[in-house]
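Worksheet for the structure shown next.
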Amino acid sequence: MQYSERYLHLGERIDLDTHVVCKYRVKTSTMSMEEAAAAIATEQSTGTWTDLVTLEEDVFEKYGAKVLEIDGDMATIAFPEDDFSIDVGGVPQILSIIAGNLFGLGDLEGVRLEDVVFPRSIIDQFPGPKIGVDGLRKTLERPEKPLVGTIVKPKIGLSPKATADYIMECGRGGLSNSKDDETLVDQSFCPIEDRTVAIAEALDTLKDEGHHMVHAINISTSGHRIVELAERVQELGASQIMVDVLTAGFAAVQALAEDPSIKLPVHVHRTMHGAMTRNPDHGIAMLPIAKLCRMCGGDALHIGTLGVGKMRGVCKEDLENRDACLDGSVPYKPVMPVCSGGLHPGMVKKLVDIAGFDSQIQAGGGVAGHPGGVRKGAMAMAQAVDAAYLGVGLEEYARDHPELAAALEKWGSL
């Protein structure tokens, strides 16, 4: 296939305020990097695999993508802001350009979108978080410590009452957060309305006992129903809502953030992300996904476990995801970074040392698998966070905290 080198603008300076700038990692054995980068720029803007008699010069000049830099296997490509819709297109149209047909180009053995930087003209189209880190901390009356949470386990099968009882035990054990798992929404064994009411009653009891806690109800559903469902669980007493962003869509998060009737923080789960992020040579890195989630209005976002949990991840990339949540250079409230997936108390200090205090650390099996039961599992997680916050080693802290000691004996520590 013949791709035009006219899209190569290596070393050229452009106005970053009028372009979307992407970085792609490219793997090819049949093309030079210049040809491969030109193929991406061509395919995703004004061209195709052959010359076009219909491509007028002014259209090419105004809307054609520009390959700005090639550094090893990384290509930097800029797309003019006019290539993107104002208002109507949203994330679906953005992704169709920066992460569209390029993944199917036959001459590329692999291509991965590693990063994207948006100009103010696009950033201003999106709401960002309503509540963010400060709002969550205020709600929980937890101004400095990392948030510490759980995922109800087993992830499916519990009744509404059993779910609420689990959360009550976790709250009495000292956790600040809990959430539905990504596979639970409104199954017959645990209807969402009954579950929401039961959990709200449990959280009210905890509040009366002097403990503040929120639980994220999973409302992931069809796009045309998600605001209605959010309104319903809010009416029934929900304290937080959760959306599986890659299955429900970025527009689902944006709809919740933009609707003035929804007052609840939005916890964003990234289930299915591994299909895009796991292959280092092909797909989409988590960093662009994290940036889009913040733009759309997520208040908390799963970022990975910094290489220590059950989910495959690279610490450097997870830290980039965290930075995207907290970056003060963009005009949005910061998002609470969530570390979740195969965690237990013995991992907490290392996570806090790496991720800092602005993080939410949560464990499902690391709570429910404690030999003393759910409440003592919650106590062990809370104690591990306290130790990290105080700068005390886990083994030292465990001497006076038997729940943490039992967890360390079962799972060890890092």
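Ligands are numbered from 1 in the order shown, residues from 1 within each chain, and chains are lettered A, B, ... in the order they appear in the structure tokens.
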Per-residue DSSP, stretch 210-412 of chain A, filtered to helix (DSSP H, G or I), as a tab-separated table (two decimals) with C-alpha atoms, in the first residue's frame:
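Produced file states.tsv, reproduced below:
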```tsv
chain	number	residue	atom	x	y	z
A	226	ILE	CA	-28.31	4.92	33.10
A	227	VAL	CA	-29.40	8.37	34.31
A	228	GLU	CA	-32.84	7.03	35.19
A	229	LEU	CA	-31.28	4.18	37.17
A	230	ALA	CA	-28.89	6.58	38.92
A	231	GLU	CA	-31.83	8.78	39.91
A	232	ARG	CA	-33.67	5.76	41.29
A	233	VAL	CA	-30.84	4.44	43.48
A	234	GLN	CA	-30.12	8.00	44.64
A	235	GLU	CA	-33.77	8.30	45.64
A	245	VAL	CA	-16.84	2.60	31.83
A	246	LEU	CA	-15.59	0.43	28.99
A	247	THR	CA	-18.72	-1.70	28.82
A	248	ALA	CA	-21.25	1.06	29.51
A	250	PHE	CA	-17.55	6.99	28.37
A	251	ALA	CA	-20.77	8.77	27.44
A	252	ALA	CA	-22.51	7.04	30.35
A	253	VAL	CA	-20.09	8.63	32.81
A	254	GLN	CA	-20.45	11.99	31.08
A	255	ALA	CA	-24.25	11.80	31.20
A	256	LEU	CA	-24.15	11.24	34.96
A	257	ALA	CA	-21.65	14.05	35.53
A	258	GLU	CA	-23.59	16.54	33.42
A	274	GLY	CA	-7.00	-5.66	29.73
A	275	ALA	CA	-8.33	-6.42	26.26
A	276	MET	CA	-6.91	-3.03	25.22
A	277	THR	CA	-4.05	-2.39	27.63
A	286	MET	CA	-4.55	2.89	30.37
A	287	LEU	CA	-3.23	6.46	30.41
A	288	PRO	CA	-5.48	7.79	27.61
A	289	ILE	CA	-8.42	5.94	29.19
A	290	ALA	CA	-7.67	7.58	32.55
A	291	LYS	CA	-7.56	11.03	30.96
A	292	LEU	CA	-10.88	10.46	29.20
A	293	CYS	CA	-12.51	9.20	32.42
A	294	ARG	CA	-11.49	12.38	34.22
A	295	MET	CA	-12.72	14.55	31.36
A	296	CYS	CA	-16.07	12.77	31.38
A	315	CYS	CA	4.27	0.13	38.13
A	316	LYS	CA	5.47	2.97	35.88
A	317	GLU	CA	2.25	2.89	33.86
A	318	ASP	CA	0.08	2.72	36.99
A	319	LEU	CA	1.88	5.77	38.36
A	320	GLU	CA	1.19	7.59	35.10
A	321	ASN	CA	-2.49	6.71	35.56
A	322	ARG	CA	-2.37	8.12	39.10
A	323	ASP	CA	-0.73	11.31	37.86
A	324	ALA	CA	-3.45	11.70	35.21
A	325	CYS	CA	-6.05	11.54	38.00
A	326	LEU	CA	-4.31	14.18	40.13
A	345	PRO	CA	-2.93	-5.90	54.28
A	346	GLY	CA	0.66	-7.00	53.68
A	347	MET	CA	0.75	-4.99	50.44
A	348	VAL	CA	-0.65	-1.74	51.81
A	349	LYS	CA	2.50	-0.03	53.06
A	350	LYS	CA	4.32	-0.56	49.77
A	351	LEU	CA	1.31	0.78	47.86
A	352	VAL	CA	1.10	3.89	50.02
A	353	ASP	CA	4.85	4.45	49.80
A	354	ILE	CA	4.54	4.43	46.00
A	355	ALA	CA	1.13	6.00	45.43
A	365	GLY	CA	-10.48	-11.45	49.22
A	366	GLY	CA	-7.98	-9.61	51.45
A	367	VAL	CA	-10.91	-8.81	53.76
A	368	ALA	CA	-13.27	-11.76	53.32
A	374	VAL	CA	-14.95	-10.11	57.62
A	375	ARG	CA	-14.82	-7.61	60.48
A	376	LYS	CA	-11.31	-8.63	61.49
A	377	GLY	CA	-10.30	-8.59	57.84
A	378	ALA	CA	-11.54	-5.00	57.63
A	379	MET	CA	-9.71	-4.15	60.84
A	380	ALA	CA	-6.48	-5.57	59.42
A	381	MET	CA	-6.80	-3.46	56.25
A	382	ALA	CA	-7.57	-0.32	58.28
A	383	GLN	CA	-4.64	-1.04	60.59
A	384	ALA	CA	-2.31	-1.49	57.63
A	385	VAL	CA	-3.35	1.90	56.24
A	386	ASP	CA	-2.87	3.50	59.67
A	387	ALA	CA	0.62	2.02	59.88
A	388	ALA	CA	1.51	3.35	56.44
A	389	TYR	CA	0.08	6.77	57.29
A	390	LEU	CA	2.13	6.90	60.49
A	394	LEU	CA	3.72	-3.44	59.29
A	395	GLU	CA	5.43	-6.04	61.46
A	396	GLU	CA	6.05	-3.46	64.17
A	397	TYR	CA	2.46	-2.22	64.05
A	398	ALA	CA	1.17	-5.80	64.11
A	402	PRO	CA	-3.68	-8.96	66.36
A	403	GLU	CA	-5.94	-8.63	63.33
A	404	LEU	CA	-3.08	-7.28	61.23
A	405	ALA	CA	-0.76	-9.91	62.68
A	406	ALA	CA	-3.13	-12.68	61.58
A	407	ALA	CA	-3.31	-11.26	58.07
A	408	LEU	CA	0.46	-11.03	57.80
A	409	GLU	CA	0.80	-14.58	59.05
A	410	LYS	CA	-1.60	-15.82	56.35
A	411	TRP	CA	-0.48	-13.73	53.37
```
(message) When you look at A:Asp107 with a cut-off of 12 Å (counting only C-alpha atoms), what residues show up, excluding the ones that are within fewer than 3 positions of it in the same chain? I need them as a list in words.
(response) Met1, Gln2, Tyr3, Val26, Lys27, Thr28, Ser29, Thr30, Met31, Ser32, Met33, Glu35, Ala36, Ala37, Ala38, Ala39, Ile40, Trp49, Leu102, Phe103, Gly104, Gly110 and Val111 of chain A
Write out the residues from the selection above, keeping C-alpha atoms, as an mmCIF file, in the first residue's frame.
```
data_model
loop_
_atom_site.group_PDB
_atom_site.id
_atom_site.type_symbol
_atom_site.label_atom_id
_atom_site.label_comp_id
_atom_site.auth_asym_id
_atom_site.auth_seq_id
_atom_site.Cartn_x
_atom_site.Cartn_y
_atom_site.Cartn_z
ATOM 1 C CA MET A 1 0.000 0.000 0.000
ATOM 2 C CA GLN A 2 1.203 3.521 -0.765
ATOM 3 C CA TYR A 3 0.817 6.152 1.947
ATOM 4 C CA VAL A 26 4.529 1.064 16.425
ATOM 5 C CA LYS A 27 5.761 -2.405 15.515
ATOM 6 C CA THR A 28 6.401 -3.190 11.852
ATOM 7 C CA SER A 29 8.849 -5.258 9.846
ATOM 8 C CA THR A 30 7.637 -4.312 6.356
ATOM 9 C CA MET A 31 7.715 -0.508 6.583
ATOM 10 C CA SER A 32 10.072 2.143 7.871
ATOM 11 C CA MET A 33 8.878 4.047 10.933
ATOM 12 C CA GLU A 35 6.114 5.098 6.396
ATOM 13 C CA ALA A 36 4.239 3.526 9.310
ATOM 14 C CA ALA A 37 3.645 6.870 11.010
ATOM 15 C CA ALA A 38 2.517 8.405 7.720
ATOM 16 C CA ALA A 39 0.099 5.507 7.279
ATOM 17 C CA ILE A 40 -1.506 6.232 10.646
ATOM 18 C CA TRP A 49 -4.111 3.802 0.870
ATOM 19 C CA LEU A 102 -5.270 2.285 12.551
ATOM 20 C CA PHE A 103 -5.337 -0.917 14.643
ATOM 21 C CA GLY A 104 -6.350 -2.905 11.583
ATOM 22 C CA GLY A 110 1.263 -3.726 16.283
ATOM 23 C CA VAL A 111 0.293 -0.190 17.232
#
```
Non-local contacts of A:Tyr24 (9 Å; only C-alpha atoms; under 4 positions in same chain excluded) as an mmCIF file with C-alpha atoms, in the first residue's frame:
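That gives us around_28.cif:
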```
data_model
loop_
_atom_site.group_PDB
_atom_site.id
_atom_site.type_symbol
_atom_site.label_atom_id
_atom_site.label_comp_id
_atom_site.auth_asym_id
_atom_site.auth_seq_id
_atom_site.Cartn_x
_atom_site.Cartn_y
_atom_site.Cartn_z
ATOM 1 C CA ALA A 37 3.645 6.870 11.010
ATOM 2 C CA ASP A 73 9.398 2.868 17.912
ATOM 3 C CA MET A 74 7.366 5.882 19.088
ATOM 4 C CA ALA A 75 5.591 8.256 16.719
ATOM 5 C CA THR A 76 4.076 11.583 17.757
ATOM 6 C CA ILE A 77 1.135 12.620 15.584
ATOM 7 C CA VAL A 111 0.293 -0.190 17.232
ATOM 8 C CA ARG A 112 -0.520 1.085 20.716
ATOM 9 C CA LEU A 113 -1.927 4.471 21.676
ATOM 10 C CA GLU A 114 0.300 5.410 24.615
ATOM 11 C CA ASP A 115 -0.772 8.967 25.419
#
```
(request) Using only C-alpha atoms, pick whichever of A:Leu68, A:Val330, A:Ala99, A:Ile217 has the shortest atom-to-atom distance to A:Pro127. (result) A:Val330
Non-local contacts of A:Gln125 (10 Å; only C-alpha atoms; under 4 positions in same chain excluded) as an mmCIF file with C-alpha atoms, in the first residue's frame:
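So the final result, stored in out.cif, reads:
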```cif
data_model
loop_
_atom_site.group_PDB
_atom_site.id
_atom_site.type_symbol
_atom_site.label_atom_id
_atom_site.label_comp_id
_atom_site.auth_asym_id
_atom_site.auth_seq_id
_atom_site.Cartn_x
_atom_site.Cartn_y
_atom_site.Cartn_z
ATOM 1 C CA ILE A 86 -17.840 20.499 18.808
ATOM 2 C CA ASP A 87 -20.184 19.131 21.486
ATOM 3 C CA VAL A 88 -22.034 16.476 19.514
ATOM 4 C CA GLY A 90 -17.866 13.618 22.307
ATOM 5 C CA ARG A 120 -8.317 23.648 25.807
ATOM 6 C CA SER A 121 -10.968 23.826 23.065
ATOM 7 C CA MET A 295 -12.715 14.545 31.360
ATOM 8 C CA CYS A 296 -16.073 12.767 31.376
#
```
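Closest to A:Lys161 among A:His212, A:His302, A:Arg195, A:Arg278 is A:Arg195, based on only C-alpha atoms.
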Surrounding residues of A:Ser96 excluding itself and chain neighbours under 5 positions, 9 Å, only C-alpha atoms, as a PDB file with C-alpha atoms, in the first residue's frame:
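Saved to around-v7.pdb:
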```pdb
ATOM      1  CA  GLN A  44      -6.960   8.728  10.546  1.00  0.00           C
ATOM      2  CA  VAL A  91     -15.586  10.718  23.228  1.00  0.00           C
ATOM      3  CA  ASN A 101      -9.015   1.994  11.943  1.00  0.00           C
TER       4      ASN A 101
END
```
(message) Just to confirm, what's the straight-line distance from atom CA of A:Pro154 to atom CA of A:Pro337 in Å (one decimal)?
(response) 23.7 Å
Contacts of stretch 178-193 of chain A within 9 Å, only C-alpha atoms, excl. fewer than 2 positions in-chain, as a CSV table (one decimal) with N, CA and C atoms, in the first residue's frame:
```
chain,number,residue,atom,x,y,z
A,148,VAL,N,-9.8,3.5,52.5
A,148,VAL,CA,-9.5,2.1,52.6
A,148,VAL,C,-10.9,1.4,52.5
A,149,GLY,N,-10.9,0.5,51.5
A,149,GLY,CA,-12.2,-0.1,51.1
A,149,GLY,C,-12.2,-1.6,50.9
A,150,THR,N,-13.4,-2.0,50.5
A,150,THR,CA,-13.6,-3.5,50.1
A,150,THR,C,-14.5,-3.6,48.9
A,151,ILE,N,-14.4,-4.8,48.3
A,151,ILE,CA,-15.4,-5.2,47.3
A,151,ILE,C,-16.1,-6.4,47.9
A,152,VAL,N,-17.5,-6.3,47.9
A,152,VAL,CA,-18.3,-7.4,48.5
A,152,VAL,C,-17.9,-8.7,47.8
A,153,LYS,N,-17.6,-9.7,48.6
A,153,LYS,CA,-17.3,-11.0,48.1
A,153,LYS,C,-18.2,-12.1,48.8
A,154,PRO,N,-18.6,-13.1,48.1
A,154,PRO,CA,-18.4,-13.4,46.7
A,154,PRO,C,-19.0,-12.3,45.8
A,155,LYS,N,-18.5,-12.1,44.6
A,155,LYS,CA,-18.9,-11.0,43.8
A,155,LYS,C,-20.4,-11.1,43.3
A,156,ILE,N,-20.8,-12.3,43.2
A,156,ILE,CA,-22.3,-12.5,42.9
A,156,ILE,C,-22.8,-13.7,43.8
A,157,GLY,N,-24.1,-13.6,44.1
A,157,GLY,CA,-24.7,-14.7,44.8
A,157,GLY,C,-25.3,-14.3,46.2
A,158,LEU,N,-24.8,-13.2,46.7
A,158,LEU,CA,-25.4,-12.8,48.0
A,158,LEU,C,-26.7,-12.1,47.9
A,159,SER,N,-27.6,-12.2,48.9
A,159,SER,CA,-28.8,-11.5,48.9
A,159,SER,C,-28.6,-10.1,49.3
A,160,PRO,N,-29.6,-9.2,49.2
A,160,PRO,CA,-29.4,-7.8,49.6
A,160,PRO,C,-29.1,-7.7,51.1
A,161,LYS,N,-29.7,-8.6,51.9
A,161,LYS,CA,-29.4,-8.5,53.4
A,161,LYS,C,-28.0,-9.0,53.7
A,163,THR,N,-25.5,-8.8,51.7
A,163,THR,CA,-24.6,-7.8,51.2
A,163,THR,C,-24.5,-6.7,52.2
A,167,ILE,N,-21.3,-5.3,54.5
A,167,ILE,CA,-20.8,-3.9,54.6
A,167,ILE,C,-20.8,-3.4,56.0
A,170,CYS,N,-17.7,-4.5,57.6
A,170,CYS,CA,-16.6,-3.8,57.2
A,170,CYS,C,-16.5,-2.4,57.8
A,171,GLY,N,-17.7,-1.8,57.9
A,171,GLY,CA,-17.7,-0.4,58.5
A,171,GLY,C,-17.3,-0.5,59.9
A,175,LEU,N,-13.4,0.4,57.7
A,175,LEU,CA,-13.3,0.8,56.3
A,175,LEU,C,-14.1,2.0,56.0
A,176,SER,N,-13.6,2.8,55.1
A,176,SER,CA,-14.3,4.0,54.7
A,176,SER,C,-15.1,3.8,53.4
A,195,ARG,N,-31.2,-4.1,47.2
A,195,ARG,CA,-29.8,-4.0,47.7
A,195,ARG,C,-29.5,-2.5,48.2
A,196,THR,N,-29.9,-1.6,47.4
A,196,THR,CA,-29.7,-0.2,47.7
A,196,THR,C,-30.3,0.2,49.0
A,197,VAL,N,-31.5,-0.2,49.2
A,197,VAL,CA,-32.2,0.1,50.5
A,197,VAL,C,-31.5,-0.5,51.7
A,198,ALA,N,-31.2,-1.8,51.5
A,198,ALA,CA,-30.6,-2.5,52.6
A,198,ALA,C,-29.2,-1.9,53.0
A,213,MET,N,-19.1,6.1,56.0
A,213,MET,CA,-18.7,5.1,55.0
A,213,MET,C,-19.6,5.3,53.8
A,214,VAL,N,-19.1,5.1,52.6
A,214,VAL,CA,-19.9,5.1,51.4
A,214,VAL,C,-19.8,3.8,50.6
A,215,HIS,N,-20.8,3.4,49.9
A,215,HIS,CA,-20.8,2.2,49.1
A,215,HIS,C,-21.2,2.5,47.7
A,216,ALA,N,-20.5,2.0,46.7
A,216,ALA,CA,-20.8,2.3,45.3
A,216,ALA,C,-21.7,1.2,44.7
A,217,ILE,N,-22.9,1.6,44.4
A,217,ILE,CA,-23.9,0.7,43.7
A,217,ILE,C,-23.6,0.7,42.2
A,218,ASN,N,-23.4,-0.5,41.7
A,218,ASN,CA,-23.1,-0.6,40.2
A,218,ASN,C,-24.4,-0.4,39.4
A,219,ILE,N,-24.4,0.6,38.6
A,219,ILE,CA,-25.6,0.9,37.8
A,219,ILE,C,-25.3,0.8,36.3
A,220,SER,N,-24.2,0.0,36.0
A,220,SER,CA,-23.9,-0.2,34.6
A,220,SER,C,-25.0,-0.8,33.8
A,221,THR,N,-25.5,-0.1,32.8
A,221,THR,CA,-26.7,-0.6,32.1
A,221,THR,C,-26.7,0.1,30.7
A,232,ARG,N,-32.9,6.7,40.4
A,232,ARG,CA,-33.7,5.8,41.3
A,232,ARG,C,-32.9,5.3,42.5
A,233,VAL,N,-31.6,4.9,42.3
A,233,VAL,CA,-30.8,4.4,43.5
A,233,VAL,C,-30.5,5.6,44.4
A,236,LEU,N,-33.4,6.1,46.6
A,236,LEU,CA,-33.5,5.0,47.6
A,236,LEU,C,-32.4,5.1,48.6
A,240,GLN,N,-23.1,6.4,46.7
A,240,GLN,CA,-22.1,6.5,45.6
A,240,GLN,C,-22.7,5.6,44.5
A,241,ILE,N,-22.3,5.9,43.2
A,241,ILE,CA,-22.7,5.0,42.1
A,241,ILE,C,-21.4,4.6,41.4
A,242,MET,N,-21.5,3.4,40.7
A,242,MET,CA,-20.4,2.9,40.0
A,242,MET,C,-20.8,2.6,38.6
A,243,VAL,N,-19.8,2.8,37.7
A,243,VAL,CA,-20.0,2.6,36.2
A,243,VAL,C,-18.9,1.8,35.7
A,244,ASP,N,-19.1,0.7,35.0
A,244,ASP,CA,-18.1,0.0,34.2
A,244,ASP,C,-17.9,0.7,32.9
A,267,HIS,N,-18.0,6.3,40.9
A,267,HIS,CA,-16.8,5.4,41.0
A,267,HIS,C,-16.7,4.7,39.6
A,269,HIS,N,-15.1,1.9,37.3
A,269,HIS,CA,-14.4,0.6,37.2
A,269,HIS,C,-14.0,0.5,35.8
A,270,ARG,N,-12.8,-0.2,35.6
A,270,ARG,CA,-12.2,-0.3,34.3
A,270,ARG,C,-12.3,-1.7,33.7
A,271,THR,N,-13.2,-2.5,34.2
A,271,THR,CA,-13.3,-3.9,33.7
A,271,THR,C,-13.3,-4.0,32.2
A,362,GLN,N,-8.3,-0.9,48.2
A,362,GLN,CA,-9.4,-1.7,48.6
A,362,GLN,C,-9.1,-3.2,48.3
```
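For the atom pair formed by atom CA of A:Glu34 and atom CA of A:Val67, the distance is 8.5 Å, given to one decimal.
Note that atom CA of A:Arg25 and atom CA of A:Gly11 are 18.3 Å apart.
Proximity to A:Lys66 was assessed for A:Asp281, A:Asp204, A:Asp15, A:Asp165 counting only C-alpha atoms; the smallest distance is recorded for A:Asp15.
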(message) Can you pull out every residue from stretch 229-389 of chain A that DSSP, working from the backbone, puts in strand (DSSP E), and format the result as number ranges by chain?
(response) A: 240-244, 266-269, 283-284, 300-302, 336-340, 360-363
